[in-house]
>>> print(open('structure.pdb').read())   # PDB, C-alpha atoms, pLDDT in the B column
ATOM      1  CA  ASN Y 398      87.922 107.489 105.523  1.00 53.00           C
ATOM      2  CA  ALA Y 399      87.144 105.927 102.192  1.00 70.00           C
ATOM      3  CA  GLY Y 400      90.044 104.817 100.047  1.00 91.00           C
ATOM      4  CA  VAL Y 401      90.791 105.922  96.512  1.00 95.00           C
ATOM      5  CA  MET Y 402      87.643 105.368  94.481  1.00 96.00           C
ATOM      6  CA  GLN Y 403      87.767 104.622  90.806  1.00 97.00           C
ATOM      7  CA  ASN Y 404      84.798 104.207  88.514  1.00 97.00           C
ATOM      8  CA  PRO Y 405      83.705 102.472  86.580  1.00 97.00           C
ATOM      9  CA  ARG Y 406      85.457  99.259  87.576  1.00 96.00           C
ATOM     10  CA  HIS Y 407      84.898  97.816  84.130  1.00 97.00           C
ATOM     11  CA  LEU Y 408      84.366  99.731  80.914  1.00 98.00           C
ATOM     12  CA  VAL Y 409      83.741  98.372  77.447  1.00 98.00           C
ATOM     13  CA  ARG Y 410      84.089 100.667  74.463  1.00 98.00           C
ATOM     14  CA  ARG Y 411      83.970 100.128  70.721  1.00 98.00           C
ATOM     15  CA  ARG Y 412      86.869 101.288  68.627  1.00 98.00           C
ATOM     16  CA  GLY Y 413      86.610 105.009  67.971  1.00 98.00           C
ATOM     17  CA  GLN Y 414      84.545 105.826  71.066  1.00 98.00           C
ATOM     18  CA  GLU Y 415      85.675 107.887  74.009  1.00 98.00           C
ATOM     19  CA  ALA Y 416      86.549 106.478  77.427  1.00 98.00           C
ATOM     20  CA  ARG Y 417      86.311 108.544  80.626  1.00 98.00           C
ATOM     21  CA  LEU Y 418      87.865 107.134  83.762  1.00 98.00           C
ATOM     22  CA  ARG Y 419      87.219 108.794  87.107  1.00 98.00           C
ATOM     23  CA  CYS Y 420      89.311 108.851  90.254  1.00 98.00           C
ATOM     24  CA  SER Y 421      88.331 110.329  93.601  1.00 97.00           C
ATOM     25  CA  PRO Y 422      91.415 110.594  95.814  1.00 95.00           C
ATOM     26  CA  MET Y 423      91.394 109.987  99.524  1.00 92.00           C
ATOM     27  CA  LYS Y 424      90.064 112.828 101.626  1.00 89.00           C
ATOM     28  CA  GLY Y 425      92.698 115.481 102.120  1.00 85.00           C
ATOM     29  CA  HIS Y 426      94.906 114.222  99.291  1.00 88.00           C
ATOM     30  CA  SER Y 427      95.758 116.698  96.572  1.00 87.00           C
ATOM     31  CA  HIS Y 428      98.269 114.648  94.554  1.00 90.00           C
ATOM     32  CA  VAL Y 429      96.935 112.198  91.976  1.00 93.00           C
ATOM     33  CA  TYR Y 430      98.845 109.771  89.766  1.00 94.00           C
ATOM     34  CA  TRP Y 431      97.581 107.662  86.875  1.00 97.00           C
ATOM     35  CA  TYR Y 432      99.158 104.368  85.810  1.00 96.00           C
ATOM     36  CA  ARG Y 433      98.408 101.910  83.025  1.00 97.00           C
ATOM     37  CA  GLN Y 434      98.943  98.170  83.248  1.00 95.00           C
ATOM     38  CA  LEU Y 435      98.782  96.130  80.084  1.00 91.00           C
ATOM     39  CA  PRO Y 436      97.960  92.420  80.448  1.00 84.00           C
ATOM     40  CA  GLU Y 437     100.837  90.473  81.998  1.00 80.00           C
ATOM     41  CA  GLU Y 438     102.963  93.626  82.338  1.00 84.00           C
ATOM     42  CA  GLY Y 439     103.991  96.027  85.084  1.00 86.00           C
ATOM     43  CA  LEU Y 440     102.538  99.420  85.888  1.00 91.00           C
ATOM     44  CA  LYS Y 441     103.595 102.296  83.675  1.00 93.00           C
ATOM     45  CA  PHE Y 442     103.459 105.854  84.973  1.00 92.00           C
ATOM     46  CA  MET Y 443     101.276 108.130  82.864  1.00 96.00           C
ATOM     47  CA  VAL Y 444     100.671 111.448  84.591  1.00 95.00           C
ATOM     48  CA  TYR Y 445     100.994 113.249  87.915  1.00 93.00           C
ATOM     49  CA  LEU Y 446      98.538 115.991  88.810  1.00 93.00           C
ATOM     50  CA  GLN Y 447      97.821 118.361  91.621  1.00 91.00           C
ATOM     51  CA  LYS Y 448      94.627 120.352  91.915  1.00 89.00           C
ATOM     52  CA  GLU Y 449      94.161 122.252  88.631  1.00 90.00           C
ATOM     53  CA  ASN Y 450      97.751 121.541  87.541  1.00 92.00           C
ATOM     54  CA  ILE Y 451      99.512 118.880  85.510  1.00 94.00           C
ATOM     55  CA  ILE Y 452     102.886 118.391  87.167  1.00 90.00           C
ATOM     56  CA  ASP Y 453     104.376 115.599  85.043  1.00 91.00           C
ATOM     57  CA  GLU Y 454     102.807 114.056  81.959  1.00 93.00           C
ATOM     58  CA  SER Y 455     105.947 112.398  80.647  1.00 92.00           C
ATOM     59  CA  GLY Y 456     104.241 108.979  80.466  1.00 93.00           C
ATOM     60  CA  MET Y 457     101.154 110.100  78.584  1.00 95.00           C
ATOM     61  CA  PRO Y 458     100.822 109.206  74.897  1.00 94.00           C
ATOM     62  CA  LYS Y 459     101.038 112.399  72.867  1.00 90.00           C
ATOM     63  CA  GLU Y 460      97.702 111.928  71.147  1.00 95.00           C
ATOM     64  CA  ARG Y 461      94.199 110.965  72.269  1.00 97.00           C
ATOM     65  CA  PHE Y 462      95.013 110.922  75.998  1.00 98.00           C
ATOM     66  CA  SER Y 463      94.361 113.754  78.427  1.00 97.00           C
ATOM     67  CA  ALA Y 464      93.986 114.132  82.182  1.00 97.00           C
ATOM     68  CA  GLU Y 465      92.625 116.734  84.517  1.00 96.00           C
ATOM     69  CA  PHE Y 466      92.154 117.248  88.233  1.00 95.00           C
ATOM     70  CA  PRO Y 467      89.762 120.164  88.707  1.00 94.00           C
ATOM     71  CA  LYS Y 468      89.380 122.231  91.847  1.00 91.00           C
ATOM     72  CA  GLU Y 469      86.135 120.399  92.586  1.00 91.00           C
ATOM     73  CA  GLY Y 470      85.356 116.827  91.678  1.00 93.00           C
ATOM     74  CA  PRO Y 471      87.333 113.770  90.686  1.00 96.00           C
ATOM     75  CA  SER Y 472      90.350 113.463  88.461  1.00 97.00           C
ATOM     76  CA  ILE Y 473      89.453 112.363  84.939  1.00 98.00           C
ATOM     77  CA  LEU Y 474      91.565 110.372  82.491  1.00 98.00           C
ATOM     78  CA  ARG Y 475      90.105 110.751  79.035  1.00 98.00           C
ATOM     79  CA  ILE Y 476      90.936 108.587  76.046  1.00 98.00           C
ATOM     80  CA  GLN Y 477      89.540 109.703  72.715  1.00 98.00           C
ATOM     81  CA  GLN Y 478      88.993 107.431  69.717  1.00 98.00           C
ATOM     82  CA  VAL Y 479      89.996 104.309  71.602  1.00 98.00           C
ATOM     83  CA  VAL Y 480      91.870 101.510  69.841  1.00 97.00           C
ATOM     84  CA  ARG Y 481      92.311  97.856  70.822  1.00 96.00           C
ATOM     85  CA  GLY Y 482      95.790  98.609  72.170  1.00 95.00           C
ATOM     86  CA  ASP Y 483      94.239 100.863  74.839  1.00 96.00           C
ATOM     87  CA  SER Y 484      92.725  97.793  76.508  1.00 96.00           C
ATOM     88  CA  ALA Y 485      94.358  97.698  79.923  1.00 97.00           C
ATOM     89  CA  ALA Y 486      93.841  98.277  83.617  1.00 97.00           C
ATOM     90  CA  TYR Y 487      94.154 101.925  84.594  1.00 98.00           C
ATOM     91  CA  PHE Y 488      95.053 102.664  88.192  1.00 97.00           C
ATOM     92  CA  CYS Y 489      94.869 105.902  90.081  1.00 96.00           C
ATOM     93  CA  ALA Y 490      96.834 106.696  93.235  1.00 94.00           C
ATOM     94  CA  SER Y 491      96.745 109.624  95.628  1.00 92.00           C
ATOM     95  CA  SER Y 492      99.121 111.121  98.187  1.00 87.00           C
ATOM     96  CA  PRO Y 493      98.755 113.797 100.826  1.00 81.00           C
ATOM     97  CA  ARG Y 494      99.643 117.381 100.058  1.00 66.00           C
ATOM     98  CA  THR Y 495     102.659 117.411 102.356  1.00 60.00           C
ATOM     99  CA  GLY Y 496     105.452 114.911 102.757  1.00 54.00           C
ATOM    100  CA  GLY Y 497     106.165 114.214  99.132  1.00 58.00           C
ATOM    101  CA  TRP Y 498     108.297 111.201  98.611  1.00 59.00           C
ATOM    102  CA  ASN Y 499     108.320 110.324 102.297  1.00 66.00           C
ATOM    103  CA  THR Y 500     104.671 109.384 102.197  1.00 75.00           C
ATOM    104  CA  GLU Y 501     102.866 106.371 100.925  1.00 83.00           C
ATOM    105  CA  ALA Y 502     100.608 106.448  97.914  1.00 87.00           C
ATOM    106  CA  PHE Y 503      97.200 104.815  98.049  1.00 91.00           C
ATOM    107  CA  PHE Y 504      95.913 103.057  94.963  1.00 94.00           C
ATOM    108  CA  GLY Y 505      92.399 102.460  93.767  1.00 96.00           C
ATOM    109  CA  GLN Y 506      91.108  99.132  92.499  1.00 95.00           C
ATOM    110  CA  GLY Y 507      91.485 100.238  88.922  1.00 97.00           C
ATOM    111  CA  THR Y 508      89.311 100.529  85.848  1.00 98.00           C
ATOM    112  CA  ARG Y 509      89.582  97.696  83.377  1.00 97.00           C
ATOM    113  CA  LEU Y 510      89.046  99.048  79.900  1.00 97.00           C
ATOM    114  CA  THR Y 511      88.204  96.661  77.107  1.00 97.00           C
ATOM    115  CA  VAL Y 512      88.052  97.936  73.555  1.00 97.00           C
ATOM    116  CA  VAL Y 513      86.076  95.763  71.170  1.00 97.00           C
TER     117      VAL Y 513
ATOM    118  CA  ASP L 366     114.642 107.593  86.908  1.00 59.00           C
ATOM    119  CA  ALA L 367     116.618 105.458  89.299  1.00 60.00           C
ATOM    120  CA  LYS L 368     116.270 101.750  88.594  1.00 86.00           C
ATOM    121  CA  THR L 369     115.828  98.691  90.775  1.00 92.00           C
ATOM    122  CA  THR L 370     116.640  95.055  90.067  1.00 93.00           C
ATOM    123  CA  GLN L 371     114.651  92.204  91.570  1.00 95.00           C
ATOM    124  CA  PRO L 372     114.449  88.459  90.933  1.00 96.00           C
ATOM    125  CA  ASN L 373     111.545  87.584  88.642  1.00 95.00           C
ATOM    126  CA  SER L 374     110.085  85.041  91.022  1.00 97.00           C
ATOM    127  CA  MET L 375     110.542  83.394  94.393  1.00 97.00           C
ATOM    128  CA  GLU L 376     108.868  80.592  96.284  1.00 96.00           C
ATOM    129  CA  SER L 377     108.211  80.188  99.954  1.00 96.00           C
ATOM    130  CA  ASN L 378     106.426  77.802 102.262  1.00 96.00           C
ATOM    131  CA  GLU L 379     103.594  78.924 104.441  1.00 96.00           C
ATOM    132  CA  GLU L 380     104.562  80.021 107.963  1.00 95.00           C
ATOM    133  CA  GLU L 381     108.205  80.512 106.961  1.00 96.00           C
ATOM    134  CA  PRO L 382     110.064  83.830 106.645  1.00 96.00           C
ATOM    135  CA  VAL L 383     110.629  85.306 103.204  1.00 97.00           C
ATOM    136  CA  HIS L 384     113.469  87.613 102.207  1.00 97.00           C
ATOM    137  CA  LEU L 385     112.852  89.539  98.999  1.00 97.00           C
ATOM    138  CA  PRO L 386     116.008  91.248  97.703  1.00 97.00           C
ATOM    139  CA  CYS L 387     116.319  94.439  95.688  1.00 96.00           C
ATOM    140  CA  ASN L 388     119.365  96.105  94.161  1.00 95.00           C
ATOM    141  CA  HIS L 389     119.389  99.844  93.549  1.00 93.00           C
ATOM    142  CA  SER L 390     123.018 100.767  92.914  1.00 92.00           C
ATOM    143  CA  THR L 391     122.152 104.140  91.326  1.00 89.00           C
ATOM    144  CA  ILE L 392     120.134 105.393  94.290  1.00 89.00           C
ATOM    145  CA  SER L 393     120.595 109.065  95.102  1.00 86.00           C
ATOM    146  CA  GLY L 394     120.788 110.602  98.530  1.00 85.00           C
ATOM    147  CA  THR L 395     117.186 111.807  98.571  1.00 82.00           C
ATOM    148  CA  ASP L 396     115.508 108.697  97.138  1.00 86.00           C
ATOM    149  CA  TYR L 397     113.258 106.818  99.510  1.00 89.00           C
ATOM    150  CA  ILE L 398     112.990 103.041  99.100  1.00 92.00           C
ATOM    151  CA  HIS L 399     109.350 101.973  98.824  1.00 93.00           C
ATOM    152  CA  TRP L 400     107.827  98.530  98.614  1.00 95.00           C
ATOM    153  CA  TYR L 401     104.380  97.829  97.215  1.00 95.00           C
ATOM    154  CA  ARG L 402     102.653  94.604  96.400  1.00 96.00           C
ATOM    155  CA  GLN L 403      99.920  93.731  93.962  1.00 95.00           C
ATOM    156  CA  LEU L 404      97.572  90.845  94.526  1.00 93.00           C
ATOM    157  CA  PRO L 405      95.874  89.329  91.474  1.00 88.00           C
ATOM    158  CA  SER L 406      93.266  91.634  89.920  1.00 87.00           C
ATOM    159  CA  GLN L 407      93.832  94.354  92.537  1.00 92.00           C
ATOM    160  CA  GLY L 408      95.537  97.704  92.757  1.00 93.00           C
ATOM    161  CA  PRO L 409      98.994  97.999  94.309  1.00 94.00           C
ATOM    162  CA  GLU L 410      99.104  98.086  98.087  1.00 94.00           C
ATOM    163  CA  TYR L 411     101.687  99.953 100.154  1.00 92.00           C
ATOM    164  CA  VAL L 412     103.902  97.686 102.260  1.00 95.00           C
ATOM    165  CA  ILE L 413     106.713  99.748 103.758  1.00 95.00           C
ATOM    166  CA  HIS L 414     109.273 102.447 103.003  1.00 93.00           C
ATOM    167  CA  GLY L 415     112.512 103.796 104.421  1.00 92.00           C
ATOM    168  CA  LEU L 416     115.495 106.036 103.789  1.00 90.00           C
ATOM    169  CA  THR L 417     118.544 104.775 105.686  1.00 91.00           C
ATOM    170  CA  SER L 418     117.524 102.938 108.826  1.00 90.00           C
ATOM    171  CA  ASN L 419     115.795  99.585 109.022  1.00 93.00           C
ATOM    172  CA  VAL L 420     112.031  99.872 109.373  1.00 94.00           C
ATOM    173  CA  ASN L 421     109.355  97.657 110.864  1.00 94.00           C
ATOM    174  CA  ASN L 422     105.594  97.768 110.612  1.00 92.00           C
ATOM    175  CA  ARG L 423     102.737  95.349 111.054  1.00 91.00           C
ATOM    176  CA  MET L 424     103.138  93.944 107.566  1.00 90.00           C
ATOM    177  CA  ALA L 425     106.883  93.549 107.145  1.00 95.00           C
ATOM    178  CA  SER L 426     110.411  94.702 107.903  1.00 97.00           C
ATOM    179  CA  LEU L 427     112.748  96.554 105.591  1.00 97.00           C
ATOM    180  CA  ALA L 428     116.475  96.053 105.914  1.00 97.00           C
ATOM    181  CA  ILE L 429     118.571  98.674 104.116  1.00 96.00           C
ATOM    182  CA  ALA L 430     122.241  98.148 103.376  1.00 96.00           C
ATOM    183  CA  GLU L 431     124.645 100.633 104.886  1.00 95.00           C
ATOM    184  CA  ASP L 432     125.620 101.973 101.449  1.00 94.00           C
ATOM    185  CA  ARG L 433     121.911 101.995 100.447  1.00 94.00           C
ATOM    186  CA  LYS L 434     122.658 100.171  97.213  1.00 95.00           C
ATOM    187  CA  SER L 435     120.423  97.281  98.178  1.00 96.00           C
ATOM    188  CA  SER L 436     117.543  96.430 100.485  1.00 96.00           C
ATOM    189  CA  THR L 437     115.560  93.395 101.585  1.00 97.00           C
ATOM    190  CA  LEU L 438     111.889  93.124 102.349  1.00 98.00           C
ATOM    191  CA  ILE L 439     111.249  90.584 105.086  1.00 97.00           C
ATOM    192  CA  LEU L 440     107.902  88.890 105.596  1.00 97.00           C
ATOM    193  CA  HIS L 441     108.279  87.180 108.940  1.00 94.00           C
ATOM    194  CA  ARG L 442     105.702  84.449 108.426  1.00 95.00           C
ATOM    195  CA  ALA L 443     104.385  84.013 104.919  1.00 95.00           C
ATOM    196  CA  THR L 444     100.726  83.191 104.463  1.00 96.00           C
ATOM    197  CA  LEU L 445      98.855  82.168 101.344  1.00 95.00           C
ATOM    198  CA  ARG L 446      97.436  85.695 101.198  1.00 94.00           C
ATOM    199  CA  ASP L 447     100.960  87.064 100.757  1.00 96.00           C
ATOM    200  CA  ALA L 448     101.185  85.570  97.271  1.00 96.00           C
ATOM    201  CA  ALA L 449     101.573  88.629  95.071  1.00 96.00           C
ATOM    202  CA  VAL L 450     103.963  90.621  92.911  1.00 96.00           C
ATOM    203  CA  TYR L 451     106.267  92.672  95.139  1.00 97.00           C
ATOM    204  CA  TYR L 452     107.680  95.889  93.750  1.00 95.00           C
ATOM    205  CA  CYS L 453     110.757  97.657  95.062  1.00 95.00           C
ATOM    206  CA  ILE L 454     110.637 101.303  94.026  1.00 91.00           C
ATOM    207  CA  LEU L 455     112.828 104.346  94.468  1.00 88.00           C
ATOM    208  CA  ARG L 456     110.578 107.307  94.964  1.00 83.00           C
ATOM    209  CA  ASP L 457     112.106 110.224  93.149  1.00 73.00           C
ATOM    210  CA  GLY L 458     112.473 113.151  95.506  1.00 68.00           C
ATOM    211  CA  ALA L 459     112.490 115.623  92.654  1.00 68.00           C
ATOM    212  CA  THR L 460     109.471 114.373  90.737  1.00 71.00           C
ATOM    213  CA  ASN L 461     107.574 112.624  93.539  1.00 73.00           C
ATOM    214  CA  LYS L 462     106.437 109.800  91.311  1.00 78.00           C
ATOM    215  CA  LEU L 463     106.683 106.036  91.802  1.00 83.00           C
ATOM    216  CA  ILE L 464     108.335 104.196  88.923  1.00 82.00           C
ATOM    217  CA  PHE L 465     107.495 100.505  88.975  1.00 86.00           C
ATOM    218  CA  GLY L 466     109.849  97.823  87.706  1.00 84.00           C
ATOM    219  CA  THR L 467     108.885  94.244  86.892  1.00 86.00           C
ATOM    220  CA  GLY L 468     108.768  93.126  90.522  1.00 93.00           C
ATOM    221  CA  THR L 469     109.111  89.688  92.121  1.00 96.00           C
ATOM    222  CA  LEU L 470     106.286  87.200  91.850  1.00 96.00           C
ATOM    223  CA  LEU L 471     106.089  85.472  95.226  1.00 97.00           C
ATOM    224  CA  ALA L 472     104.444  82.058  95.342  1.00 97.00           C
ATOM    225  CA  VAL L 473     103.553  80.655  98.760  1.00 96.00           C
ATOM    226  CA  GLN L 474     103.113  76.914  99.079  1.00 95.00           C
ATOM    227  CA  PRO L 475     100.876  75.414 101.776  1.00 93.00           C
TER     228      PRO L 475
END
>>> encode(input="structure.pdb", output="structure tokens")
Amino acid sequence: NAGVMQNPRHLVRRRGQEARLRCSPMKGHSHVYWYRQLPEEGLKFMVYLQKENIIDESGMPKERFSAEFPKEGPSILRIQQVVRGDSAAYFCASSPRTGGWNTEAFFGQGTRLTVV
Amino acid sequence: DAKTTQPNSMESNEEEPVHLPCNHSTISGTDYIHWYRQLPSQGPEYVIHGLTSNVNNRMASLAIAEDRKSSTLILHRATLRDAAVYYCILRDGATNKLIFGTGTLLAVQP
């Protein structure tokens, strides 16, 4: 059973370009979470999704950022018109459908976005 | 979101036990206590979680105070590979999300 897969592992974008980060949850998991970690800082919650639904996006910046988790395929975190301050590591985690807070979440290795 | 308080850093010697404390005085009755750790340049890794009773697994033990306002993660024999940032997290039963604090940076000396 493969773990949470994130790609690309490293992404370089010029200011103003778009960044697309992909996350394939573990098999059988239907809950996906995205986190951002700025250099030398802790992980900040961004968004919580279930298949085809955004459950909690309270940590998402209001502009330029969007996330989706379609019925088929990976979850996508999309950043439009990137700026230098978007440079960070973005981590995805997944949890099983049942069990909620009594289950562990599995994290991917992250995508390190660098905006030049 | 319920908050946790941890020391910024701790040191241990290899092969010795390590006790990592966490205070969570505002914990609610349905919050589970989770511990994760993050090795350098890696994603967080699940360590252990519990509700009221002490828990053991192959990685660590979790001791939970009777009033649940604090807990301690116990690594029985620290190795150099245990050097990481350890996060104590209250998993919100209503929202299901993990809210990370600043964690404890554990250094293990040979």
>>> resolve_selection(input="structure.pdb", expression="the PyMOL selection byres ((chain L) within 12 of (chain Y))", output="ChimeraX atom specification")
/L:366,373,395-416,450-452,454-470
>>> closest_residue(input="structure.pdb", among="Y:Leu408, Y:Val513, Y:Ile451, Y:Val480", to="Ser463 (chain Y)", atoms="all atoms listed in the file")
Y:Ile451
>>> resolve_selection(input="structure.pdb", expression="the PyMOL selection byres ((chain L and resi 473) around 10)", output="ChimeraX atom specification")
/L:375-381,383,443-449,470-472,474-475
>>> write_last_selection(input="structure.pdb", atoms="C-alpha atoms", output="short mmCIF file (atom, residue, chain, number, x, y, z; two decimals), in the frame of the given file")
data_model
loop_
_atom_site.label_atom_id
_atom_site.label_comp_id
_atom_site.auth_asym_id
_atom_site.auth_seq_id
_atom_site.Cartn_x
_atom_site.Cartn_y
_atom_site.Cartn_z
CA MET L 375 110.54 83.39 94.39
CA GLU L 376 108.87 80.59 96.28
CA SER L 377 108.21 80.19 99.95
CA ASN L 378 106.43 77.80 102.26
CA GLU L 379 103.59 78.92 104.44
CA GLU L 380 104.56 80.02 107.96
CA GLU L 381 108.20 80.51 106.96
CA VAL L 383 110.63 85.31 103.20
CA ALA L 443 104.38 84.01 104.92
CA THR L 444 100.73 83.19 104.46
CA LEU L 445 98.86 82.17 101.34
CA ARG L 446 97.44 85.70 101.20
CA ASP L 447 100.96 87.06 100.76
CA ALA L 448 101.18 85.57 97.27
CA ALA L 449 101.57 88.63 95.07
CA LEU L 470 106.29 87.20 91.85
CA LEU L 471 106.09 85.47 95.23
CA ALA L 472 104.44 82.06 95.34
CA GLN L 474 103.11 76.91 99.08
CA PRO L 475 100.88 75.41 101.78
#
>>> resolve_selection(input="structure.pdb", expression="the PyMOL selection byres ((chain L and resi 433-435) around 8)", output="PDB file with C-alpha atoms, in the frame of the given file")
ATOM      1  CA  PRO L 386     116.008  91.248  97.703  1.00 97.00           C
ATOM      2  CA  CYS L 387     116.319  94.439  95.688  1.00 96.00           C
ATOM      3  CA  ASN L 388     119.365  96.105  94.161  1.00 95.00           C
ATOM      4  CA  HIS L 389     119.389  99.844  93.549  1.00 93.00           C
ATOM      5  CA  SER L 390     123.018 100.767  92.914  1.00 92.00           C
ATOM      6  CA  THR L 391     122.152 104.140  91.326  1.00 89.00           C
ATOM      7  CA  ILE L 392     120.134 105.393  94.290  1.00 89.00           C
ATOM      8  CA  THR L 417     118.544 104.775 105.686  1.00 91.00           C
ATOM      9  CA  ILE L 429     118.571  98.674 104.116  1.00 96.00           C
ATOM     10  CA  ALA L 430     122.241  98.148 103.376  1.00 96.00           C
ATOM     11  CA  GLU L 431     124.645 100.633 104.886  1.00 95.00           C
ATOM     12  CA  ASP L 432     125.620 101.973 101.449  1.00 94.00           C
ATOM     13  CA  SER L 436     117.543  96.430 100.485  1.00 96.00           C
ATOM     14  CA  THR L 437     115.560  93.395 101.585  1.00 97.00           C
TER      15      THR L 437
END
>>> closest_residue(input="structure.pdb", among="Y:Pro436, Y:Gly400, Y:Pro458, Y:Gly482", to="Pro422 (chain Y)", atoms="all atoms listed in the file")
Y:Gly400
>>> atom_distance(input="structure.pdb", atom1="CA of Gln434 (chain Y)", atom2="CA of Ser484 (chain Y)")
9.2 Å
>>> closest_residue(input="structure.pdb", among="Y:Val409, Y:Met423, Y:Met402, Y:Leu435", to="Val479 (chain Y)", atoms="all atoms listed in the file")
Y:Val409
>>> atom_distance(input="structure.pdb", atom1="CA of Gln414 (chain Y)", atom2="CA of Gly470 (chain Y)")
23.4 Å
>>> residues_around(input="structure.pdb", residues="Met424 (chain L)", least_positions_apart="2", cutoff="9 Å", atoms="all atoms listed in the file", output="MDAnalysis selection string")
chainID L and resid 412:413 421:422 426 440:441
>>> atom_distance(input="structure.pdb", atom1="CA of Arg410 (chain Y)", atom2="CA of Glu449 (chain Y)")
27.7 Å
